[in-house]
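A.B. asks: Below is a structure I'd like to ask you about.
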Amino acid sequence: MPAPVAQPPSVSEESSVIDMSKMNAGQRAALELAEAAREAHDQGSFVADMFMGRWSPQKICPLTGGDPAEEGRAETFLARLGDFLRTQVDPDLIDRTGEIPPAVLGGLAELGAYGIKIPREYGGLGLSQTTYCRACTLIGSHCGSLFAHLSVHQSVGVPQPLMLFGTEEQKRAFLPRVARGEISAFALTEKAVGSDPARMTTRAEPTAEGEHFLINGEKLWCSNGTRAGLLIVACKTPAKKVGGRAREQITTFIVEAQAAGVDVMHRCQFMGLRALYNGVIRFTNVKVPRGNILGGEGRGLKVALTTLNSGRLSIPAASLGATKRALGIAREWSAERVQWGAPIGEHAAIAEKIRRIAANAFAMEAIIAVTSRAVDRDKRADIRLEAAMCKMWGTEKAWAAIDDLMQIRGGRGYETVTSLKARGEKPYPVERMMRDNRVSLIFEGSSEILRLFIMREALDPHLKIAGVALNTERSRKERVKSALHAAAFYAWWYPRQWLPFGVRAPAKMRPELARHFTHSARLSRRMARTLFHQMVKFGPKLEKQQVLLARIADIGADIFAVTASCVQAQRLIDGGQAADLICRVVNDVAAQAWARVETNFRGIGSNTDAAGYTFAQEVLHGEHRWLERGIV
């Protein structure tokens with residue numbers, strides 16, 4: 001993964017619907033830059049429709065299988081990969097030494113694991129997003145460091161952005177190299193730049209003849225950067241006038257890591273992922289041909305954010321692997337460990353944890369499967385919201401699963417593998433799993449940023465309808481016209497959010513699943529009108545209500561998780577799996593999700609957000625430093 005780089009809350013395709021009159025120069029620049037990178041899609045995704053109270057199940061079901069022509073190759077590759085991981089990869093050795101052995105790197109290259117999605121014509125395996133996610137699940141269940149290495153290379157390193165934005169000449173020049181195992185990385189984050197790319201300081205200036213650029217600057221937390229042969233580097237390039245005003249430009253370049261002026265200044269060390277080849281990279285007058293611009297001059301942020309959409313799926317896929325591993329360990333230990341005359345799994349407190357892990361594992365797999373299939377159907381599919389939810393919901397549920405597992409294992413969970421082995425106990429790697437997986441809630445968009453992103457995307461249709469009316473920078477005539485248009489739209493739209501029509505499940509869905517599916521539809525309309533109510537209540541100030549918006553994002557994620565679970569369950573049943581067993585799992589997924597949803601709906605209407613924010617600011621400004629007394 002590249003550093004904790006987040007996809008920033010973006011602005012509307014039409015910047016003029018956003019009132020920037022009260023923003024300072026830095027805020028305005030950040031919004032304008034994000035706006036220029038924002039993707040436009042004619043057709044909203046399933047989740048985008050859901051936030052508008054439109055129920056469009058045809059966009060996610062039935063969940064069909066993959067390309068039959070790929071199936072045999074995919075299964076063969078996954079079987080070989082699994083066997084390689086079991087017999088050739090010692091994750092505890094990698095964790096202790098902080099290095100991935102050369103034999104492992106060579107073996108992965110021989111398997112084709114560095115080019116899973118790269119088309120065969122460029123030397124890759126040419127497999128689907130679904131197969132890639134299944135591979136990430138396998139690797140994530142075994143070794144976090146190895147997953148990070150391969151995921152960074154393929155999800156955000158050279159392969160993914162090059163396949164999406166590269167010219168044919170660029171693809172033929174670079175894809176065969178990375179498919180064979182030449183390591184790649186993405187250099188985006190800087191010391192002052194996390195989720196705010198407007199503050200980027202690395203610059204690329206054209207040379208006098210205009211055929212090259214000189215890159216100068218320093219990048220932080222560049223995963224794979226200390227071992228990479230090729231880098232994608234995001235830089236500021238000379239501003240261009242847009243609408244009569246200069247607008248900052250960000251451009252991405254393909255850079256040879258061995259080029260003069262590229263220096264690894266420091267290899268970073270972390271709590272987990274001990275073999276993460278992550279470092280600080282300095283660029284000093286690095287000469288790069290104009291032909292190495294990826295995606296076009298000034299389109300670098302679009303390259304980065306679009307790459308993150310499908311690339312972001314690899315992290316929850318690995319988190320799914322960790323969750324399944326946690327479930328297996330919890331099941332085994334809870335059955336064999338006896339306390340107070342019974343296996344601990346029979347005690348309600350432990351059974352509750354096992355229940356959570358199991359249900360969430362199923363739902364995680366479902367949302368990843370649904371979203372991956374969307375990518376397989378259309379490489380440029382609009383999965384912004386689905387991918388963000390997979391990352392946010394999946395990584396948080398995985399962390400909860402590992403935390404529950406730690407509690408189930410007790411002191412043995414906190415003990416290292418080496419120590420457990422030394423005294424003859426089965427070395428379940430719970431301590432390592434916890435260290436390795438915590439960062440998943442941060443990498444490629446923290447949970448907090450993703451919630452803001454989800455809600456910014458959810459609000460976008462409303463901004464396009466009514467934004468101009470609220471924009472004090474627009475003329476009175478434009479604002480009145482917009483207000484009349486918005487009034488006509490909402491007079492039709494709002495009553496529909498109260499009606500029970502159009503929420504039926506697919507005809508062939510089992511009744512038990514259909515019940516949860518239709519309840520999801522009704523809740524989506526309740527969510528849509530609730531969001532509208534908050535817009536009316538807070539107006540332009542709604543963007544400041546981040547805790548409230550986070551509750552709505554969580555409601556949406558839970559609705560998506562249950563809906564995807566129903567779709568996935570029907571597919572499994574159609575494939576011959578036991579319907580009763582599958583439906584019992586979905587029943588529990590829904591029971592847990594609906595409890596959270598109701599809590600969040602109540603929290604929107606009744607909360608202590610304002611008082612809590614005031615208290616936090618008092619702490620921030622030192623008014624409660626007395627609370628810190630009594631420490632060293």
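If you're wondering about the labels, chains in the structure tokens are A, B, ... by order shown, residues count from 1 in each chain, ligands from 1 in order shown.
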With only C-alpha atoms as the counted atoms, please give the residues lying no more than 8 Å from segment 314-326 of chain A, apart from itself and same-chain residues fewer than 3 positions off, as a PyMOL selection string.
C.D. replies: chain A and resi 132-134+136-142+147+151+155+310-311+329-330+357-358+361+364-365+368+390-391+394-395+398+401-402+405+430+433+437+440
A.B. asks: Just the selected residues (C-alpha atoms), exported as a short mmCIF file (atom, residue, chain, number, x, y, z; two decimals), in the first residue's frame, please.
C.D. replies:
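Result file follows (again19.cif):
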data_model
loop_
_atom_site.label_atom_id
_atom_site.label_comp_id
_atom_site.auth_asym_id
_atom_site.auth_seq_id
_atom_site.Cartn_x
_atom_site.Cartn_y
_atom_site.Cartn_z
CA TYR A 132 -6.99 -11.03 -7.89
CA CYS A 133 -9.09 -10.42 -4.76
CA ARG A 134 -9.20 -14.16 -4.06
CA CYS A 136 -5.20 -11.28 -1.90
CA THR A 137 -7.44 -13.18 0.52
CA LEU A 138 -5.12 -16.18 0.35
CA ILE A 139 -1.99 -14.12 0.91
CA GLY A 140 -3.60 -11.92 3.58
CA SER A 141 -4.55 -15.01 5.57
CA HIS A 142 -0.90 -16.08 5.72
CA PHE A 147 0.42 -9.14 0.81
CA SER A 151 -0.66 -5.37 -3.45
CA SER A 155 -2.93 -2.19 -7.08
CA SER A 310 -10.22 -0.75 -7.84
CA GLY A 311 -6.84 -0.93 -6.13
CA ILE A 329 -8.31 -20.08 15.25
CA ALA A 330 -11.28 -18.98 17.38
CA ILE A 357 -16.51 -12.96 13.42
CA ALA A 358 -18.41 -15.56 11.41
CA ALA A 361 -16.63 -12.83 7.35
CA MET A 364 -17.13 -9.07 3.85
CA GLU A 365 -16.79 -11.74 1.20
CA ILE A 368 -16.02 -7.76 -2.19
CA CYS A 390 -15.52 -2.32 1.15
CA LYS A 391 -12.37 -0.69 2.47
CA GLY A 394 -14.23 -4.58 5.71
CA THR A 395 -11.10 -3.37 7.48
CA ALA A 398 -11.49 -7.42 10.34
CA ALA A 401 -12.46 -9.89 14.54
CA ILE A 402 -8.77 -9.91 15.44
CA LEU A 405 -9.73 -13.31 18.76
CA VAL A 430 -2.55 -13.68 16.87
CA MET A 433 -1.98 -10.60 13.03
CA ASN A 437 -3.67 -5.58 10.35
CA SER A 440 -5.43 -1.44 7.22
#
A.B. asks: Show me, as a PyMOL selection string, the residues that have an atom within 12 Å of Arg177 of chain A when counting only C-alpha atoms, minus same-chain residues fewer than 3 positions from it.
C.D. replies: chain A and resi 109+112+114-115+118+122-124+153+158-159+170-174+180-184+228-230+256
A.B. asks: Next, dump the selected residues to file, keeping only N, CA and C atoms, as a PDB file, in the first residue's frame.
C.D. replies:
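And here is the file that came out, out.pdb:
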ATOM      1  N   ALA A 109       7.519 -14.520  -8.718  1.00  0.00           N
ATOM      2  CA  ALA A 109       7.668 -14.117 -10.114  1.00  0.00           C
ATOM      3  C   ALA A 109       7.423 -15.299 -11.049  1.00  0.00           C
ATOM      4  N   GLY A 112       3.889 -15.948 -11.612  1.00  0.00           N
ATOM      5  CA  GLY A 112       3.166 -14.891 -12.308  1.00  0.00           C
ATOM      6  C   GLY A 112       2.409 -13.975 -11.368  1.00  0.00           C
ATOM      7  N   TYR A 114       3.201 -11.340  -9.876  1.00  0.00           N
ATOM      8  CA  TYR A 114       3.403  -9.906 -10.019  1.00  0.00           C
ATOM      9  C   TYR A 114       2.575  -9.319 -11.164  1.00  0.00           C
ATOM     10  N   GLY A 115       1.921 -10.182 -11.912  1.00  0.00           N
ATOM     11  CA  GLY A 115       1.132  -9.697 -13.042  1.00  0.00           C
ATOM     12  C   GLY A 115      -0.210 -10.380 -13.142  1.00  0.00           C
ATOM     13  N   ILE A 118      -2.477  -8.196 -15.273  1.00  0.00           N
ATOM     14  CA  ILE A 118      -1.879  -7.679 -16.505  1.00  0.00           C
ATOM     15  C   ILE A 118      -2.262  -8.599 -17.668  1.00  0.00           C
ATOM     16  N   TYR A 122       0.816  -8.683 -22.644  1.00  0.00           N
ATOM     17  CA  TYR A 122       1.933  -7.926 -22.080  1.00  0.00           C
ATOM     18  C   TYR A 122       2.737  -8.760 -21.076  1.00  0.00           C
ATOM     19  N   GLY A 123       2.525 -10.064 -21.060  1.00  0.00           N
ATOM     20  CA  GLY A 123       3.316 -10.940 -20.207  1.00  0.00           C
ATOM     21  C   GLY A 123       2.688 -11.291 -18.881  1.00  0.00           C
ATOM     22  N   GLY A 124       1.465 -10.823 -18.621  1.00  0.00           N
ATOM     23  CA  GLY A 124       0.809 -11.134 -17.358  1.00  0.00           C
ATOM     24  C   GLY A 124      -0.075 -12.367 -17.449  1.00  0.00           C
ATOM     25  N   HIS A 153       2.505  -3.242  -5.421  1.00  0.00           N
ATOM     26  CA  HIS A 153       3.037  -3.392  -6.780  1.00  0.00           C
ATOM     27  C   HIS A 153       1.925  -3.382  -7.816  1.00  0.00           C
ATOM     28  N   VAL A 158       2.904   0.500 -10.747  1.00  0.00           N
ATOM     29  CA  VAL A 158       2.811   0.731 -12.193  1.00  0.00           C
ATOM     30  C   VAL A 158       1.674  -0.020 -12.890  1.00  0.00           C
ATOM     31  N   PRO A 159       1.411  -1.297 -12.607  1.00  0.00           N
ATOM     32  CA  PRO A 159       0.440  -2.028 -13.429  1.00  0.00           C
ATOM     33  C   PRO A 159      -0.947  -1.414 -13.522  1.00  0.00           C
ATOM     34  N   GLN A 170       3.524   3.008 -23.909  1.00  0.00           N
ATOM     35  CA  GLN A 170       3.906   2.863 -22.503  1.00  0.00           C
ATOM     36  C   GLN A 170       3.627   1.449 -21.993  1.00  0.00           C
ATOM     37  N   LYS A 171       2.498   0.901 -22.378  1.00  0.00           N
ATOM     38  CA  LYS A 171       2.155  -0.446 -21.934  1.00  0.00           C
ATOM     39  C   LYS A 171       3.171  -1.463 -22.429  1.00  0.00           C
ATOM     40  N   ARG A 172       3.549  -1.343 -23.680  1.00  0.00           N
ATOM     41  CA  ARG A 172       4.505  -2.311 -24.240  1.00  0.00           C
ATOM     42  C   ARG A 172       5.902  -2.128 -23.651  1.00  0.00           C
ATOM     43  N   ALA A 173       6.205  -0.920 -23.227  1.00  0.00           N
ATOM     44  CA  ALA A 173       7.532  -0.660 -22.663  1.00  0.00           C
ATOM     45  C   ALA A 173       7.652  -1.134 -21.216  1.00  0.00           C
ATOM     46  N   PHE A 174       6.578  -0.966 -20.433  1.00  0.00           N
ATOM     47  CA  PHE A 174       6.708  -1.176 -18.996  1.00  0.00           C
ATOM     48  C   PHE A 174       5.948  -2.381 -18.430  1.00  0.00           C
ATOM     49  N   ARG A 180       6.993  -9.529 -15.050  1.00  0.00           N
ATOM     50  CA  ARG A 180       8.059 -10.514 -14.770  1.00  0.00           C
ATOM     51  C   ARG A 180       8.555 -10.437 -13.337  1.00  0.00           C
ATOM     52  N   GLY A 181       8.213  -9.376 -12.628  1.00  0.00           N
ATOM     53  CA  GLY A 181       8.637  -9.293 -11.235  1.00  0.00           C
ATOM     54  C   GLY A 181       9.481  -8.090 -10.889  1.00  0.00           C
ATOM     55  N   GLU A 182       9.653  -7.149 -11.839  1.00  0.00           N
ATOM     56  CA  GLU A 182      10.344  -5.912 -11.476  1.00  0.00           C
ATOM     57  C   GLU A 182       9.395  -5.111 -10.586  1.00  0.00           C
ATOM     58  N   ILE A 183       9.848  -4.798  -9.390  1.00  0.00           N
ATOM     59  CA  ILE A 183       8.976  -4.213  -8.371  1.00  0.00           C
ATOM     60  C   ILE A 183       8.649  -2.763  -8.702  1.00  0.00           C
ATOM     61  N   SER A 184       7.396  -2.368  -8.416  1.00  0.00           N
ATOM     62  CA  SER A 184       6.978  -0.991  -8.679  1.00  0.00           C
ATOM     63  C   SER A 184       6.325  -0.394  -7.441  1.00  0.00           C
ATOM     64  N   ALA A 228      12.111  -0.792  -5.419  1.00  0.00           N
ATOM     65  CA  ALA A 228      11.425  -0.677  -6.709  1.00  0.00           C
ATOM     66  C   ALA A 228      12.386  -0.414  -7.860  1.00  0.00           C
ATOM     67  N   GLY A 229      11.992  -0.910  -9.037  1.00  0.00           N
ATOM     68  CA  GLY A 229      12.697  -0.575 -10.273  1.00  0.00           C
ATOM     69  C   GLY A 229      11.991   0.529 -11.025  1.00  0.00           C
ATOM     70  N   LEU A 230      10.678   0.636 -10.819  1.00  0.00           N
ATOM     71  CA  LEU A 230       9.872   1.665 -11.471  1.00  0.00           C
ATOM     72  C   LEU A 230       8.973   2.333 -10.437  1.00  0.00           C
ATOM     73  N   GLU A 256      12.159   5.816 -13.731  1.00  0.00           N
ATOM     74  CA  GLU A 256      13.107   4.731 -13.468  1.00  0.00           C
ATOM     75  C   GLU A 256      13.753   4.968 -12.106  1.00  0.00           C
TER      76      GLU A 256
END
A.B. asks: Can you work out the spacing between atom CA of Ala557 of chain A and atom CA of Gln570 of chain A in Å, to one decimal?
C.D. replies: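 The value is 20.0 Å.
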A.B. asks: Just the number, please: distance in Å from atom CA of Ala381 of chain A to atom CA of Cys583 of chain A, one decimal.
C.D. replies: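 Atom-to-atom, atom CA of Ala381 of chain A and atom CA of Cys583 of chain A are spaced 30.0 Å apart.
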A.B. asks: What are the closest atom pairs, with distances in Å to one decimal, for all residues of segment 344-459 of chain A lying within 10 Å of segment 79-103 of chain A? Consider only C-alpha atoms, order rows by chain and residue number, and present the result as a tab-separated table.
C.D. replies:
residue	atom	partner	partner_atom	distance
A:Thr416	CA	A:Asp92	CA	9.7
A:Val417	CA	A:Asp92	CA	7.6
A:Thr418	CA	A:Asp92	CA	8.4
A:Pro429	CA	A:Asp92	CA	8.2
A:Arg432	CA	A:Asp95	CA	8.0
A:Asp436	CA	A:Asp95	CA	9.4
A.B. asks: Can you work out which one of A:Leu63, A:Ile582, A:Leu301, A:Val338 has the shortest atom-to-atom distance to Glu248 of chain A, counting only C-alpha atoms?
C.D. replies: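 Ranked by minimum distance to Glu248 of chain A, first place goes to A:Leu301.
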A.B. asks: If you run DSSP on the backbone, which residues of segment 73-164 of chain A are alpha helix (DSSP H), as a ChimeraX atom specification?
C.D. replies: /A:73-88,91-97,102-111,129-140,144-151,159-164
A.B. asks: Within 6 Å of segment 446-461 of chain A, counting only C-alpha atoms, which residues qualify if same-chain residues fewer than 6 places away don't, as number ranges by chain?
C.D. replies: A: 9, 51, 385, 392, 550, 553
A.B. asks: Measuring between only C-alpha atoms, which one of A:Asn471, A:Asn224, A:Thr284, A:Ser419 shows the shortest distance to Gly157 of chain A?
C.D. replies: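 Nearest candidate to Gly157 of chain A out of A:Asn471, A:Asn224, A:Thr284, A:Ser419: A:Asn224.
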A.B. asks: Would you please work out which residue, of A:Leu273, A:Cys566, A:Ala246, A:Asn216, is nearest to Leu146 of chain A when using only C-alpha atoms?
C.D. replies: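 Nearest candidate to Leu146 of chain A out of A:Leu273, A:Cys566, A:Ala246, A:Asn216: A:Leu273.
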